[in-house]
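S.K.: This is the structure, below, for whatever I ask next.
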Amino acid sequence: MDTAAQQQEPAESPFGWLADADRVRRAAGLRRELRPRAADSPLLDLAGNDYLGLTRHPEVVRAGADACLRWGAGATGSRLVTGTTALHAELEAELAAFTGFEAALVFASGYAANLAAITALTGPGTLLVSDAANHASLIDGCRLSKATTEVVRHADPDAVRKALQGLHDGTARDADGHQGHGDPDARALVVSDAVFSVDGDAAPLAGLVAACRAHGAALLLDDAHGLGVMGEGGRGSANAAGLAGAPDVVCTVTLSKSFGAQGGAVLGPAVVIEHLVNAARSFIFDTGLAPAAAGAALAALRLLRREPDRAGRARQVARDFHRLLAERGLDVTAPDACVVSVRAPTPGSALAWAARCRDEGLAVGCFRPPSVPDGVSRLRLTARCDLTGRQVRRAVDVIAATAPPR
């Protein structure tokens with residue numbers, strides 16, 4: 001090694017503190033590891049989010065491959081430079097038409113879509129009201145927005161109404177805890193998952209939109225776990241609540257769950273979408289969604305339009321899981337969509353439970369703090385419309401047989 005380079009090396013690593021952080025994680029049972037899966041894994045998968053069973057559907061896979069062969073492996077640039085293809089525009093038009101919104105804008109991920117919608121529609125002087133159980137991408141969007149953010153009790157429209165009232169009467173507090181003076185013209189945005197990713201419960205959309213409209217606020221819904229399984233033929237939570245196309249509602253979705261592909265989108269009034277094209281940093285400065293993902297998502301959307309019963313079947317499988325697990329005496333949440341949550345006593349017991357399920361041929365999700373806002377660790381199961389009754393019963397047998405003592 002070069003002598004001069006050796007002389008420049010630090011006496012101690014500036015990353016030495018990471019070993020202490022790792023020890024703390026291990027002691028708390030919170031250490032995470034990457035576990036590459038095989039392409040032909042023998043495990044029964046209840047951990048992924050392939051609700052409609054489309055990730056390996058021949059029609060969806062072929063469409064992705066054809067798009068890759070035609071357009072290339074990548075988008076080559078940001079959407080405003082070379083990253084927009086005719087395929088992206090086609091996907092956006094059909095997404096908007098399917099969900100009932102005026103316009104749509106496709107992003108490289110659902111995470112990027114959430115960051116874009118929140119940061120571009122708010123800023124200093126805006127009040128953000130965020131559900132305590134919101135997804136991390138919504139939380140990060142609130143943090144990056146520089147808006148005043150008030151976190152309210154989970155699924156509580158009255159708490160939202162109270163927070164919005166504070167915007168106008170001066171009781172709302174800014175990020176530093178200072179009380180405001182009240183501004184009748186102040187802007188506000190209420191942010192909520194439409195279906196919450198941990199317990200699978202649906203947000204009280206009727207109450208939320210009523211609270212918003214009483215105070216002139218807009219409503220942003222993250223429907224990552226609702227698109228494809230909620231609403232008429234899987235058209236989403238906004239459709240189910242009669243809010244699709246409303247001028248004061250914006251919806252974000254992912255293409256990586258029910259549609260079995262990759263990417264995300266923002267749905268809403270055309271004026272909102274046009275603003276995002278001009279103001280959303282995670283759109284302007286990010287490489288566009290790969291054509292293969294756009295092609296696969298478009299094929300999945302078209303397939304769902306032809307086979308709308310997939311949505312209802314997926315929800316029924318979730319209800320079957322809940323009923324059978326509850327009959328075994330497990331602490332399981334009632335699903336509104338396709339997520340079923342089974343609570344564990346501790347983070348360590350949840351991790352060991354998931355490992356025992358894997359040893360028995362069953363892949364399940366394991367959610368521990370800080371991924372769960374209530375601090376309660378659990379197994380997270382995802383229902384798929386292509387699961388048979390025999391597979392459901394087998395999974396329930398494994399989960400019950402390997403459960404930790406309560």
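Chain identifiers are assigned as A, B, and so on, following the order in which chains appear in the structure tokens; residues are numbered from 1 within each chain, and ligands are numbered from 1 in order of appearance.
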Excluding same-chain residues fewer than 2 positions from Gly100 (chain A), what lies within 6 Å of it counting only C-alpha atoms, as a ChimeraX atom specification?

M.R.: /A:96-98,244-245

S.K.: Which parts of region 120-282 of chain A does DSSP call alpha helix (DSSP H) when run on the backbone here, written out as an MDAnalysis selection string?

M.R.: chainID A and resid 120:121 136:145 157:169 205:214 237:240 270:279 281:282

S.K.: Using only C-alpha atoms, find the one residue out of A:Ala240, A:Val277, A:Leu298, A:Ala186 that sits nearest to Val60 (chain A).

M.R.: A:Leu298

S.K.: Name the residues of region 147-360 of chain A that fall into strand (DSSP E or B) according to DSSP on the backbone, using the chain letters and numbers of this document, as an NGL selection string.

M.R.: :A and (148-152 or 173 or 179 or 188-193 or 195 or 202 or 218-222 or 249-254 or 264-268 or 287 or 332 or 339-343)

S.K.: Counting only C-alpha atoms, which residues of region 79-114 of chain A fall within 9 Å of region 220-232 of chain A, and what is the closest atom pair for each with its distance in Å at one decimal, ordered by chain and rising number, as a Markdown table?

M.R.:
```
| residue | atom | partner | partner_atom | distance |
| --- | --- | --- | --- | --- |
| A:Thr99 | CA | A:Leu227 | CA | 8.5 |
| A:Gly110 | CA | A:Ala224 | CA | 7.5 |
| A:Asn114 | CA | A:Asp222 | CA | 7.5 |
```

S.K.: In Å, rounded to a single decimal, give me how far CA of Trp353 (chain A) is from CA of Arg35 (chain A).

M.R.: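 One can read the CA of Arg35 (chain A) to CA of Trp353 (chain A) distance as 16.4 Å.
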
S.K.: Taking only C-alpha atoms into account, name the residue in A:Gly53, A:Gly348, A:Pro204, A:Gly16 that is nearest to Ala314 (chain A).

M.R.: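 Closest to Ala314 (chain A), using only C-alpha atoms: A:Gly53.
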
S.K.: Ranking A:Val249, A:Leu87, A:Val272, A:Ala334 by minimum distance to Gly216 (chain A) and counting only C-alpha atoms, which one comes first?

M.R.: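 When distances to Gly216 (chain A) are compared using only C-alpha atoms, the smallest one comes from A:Val249.
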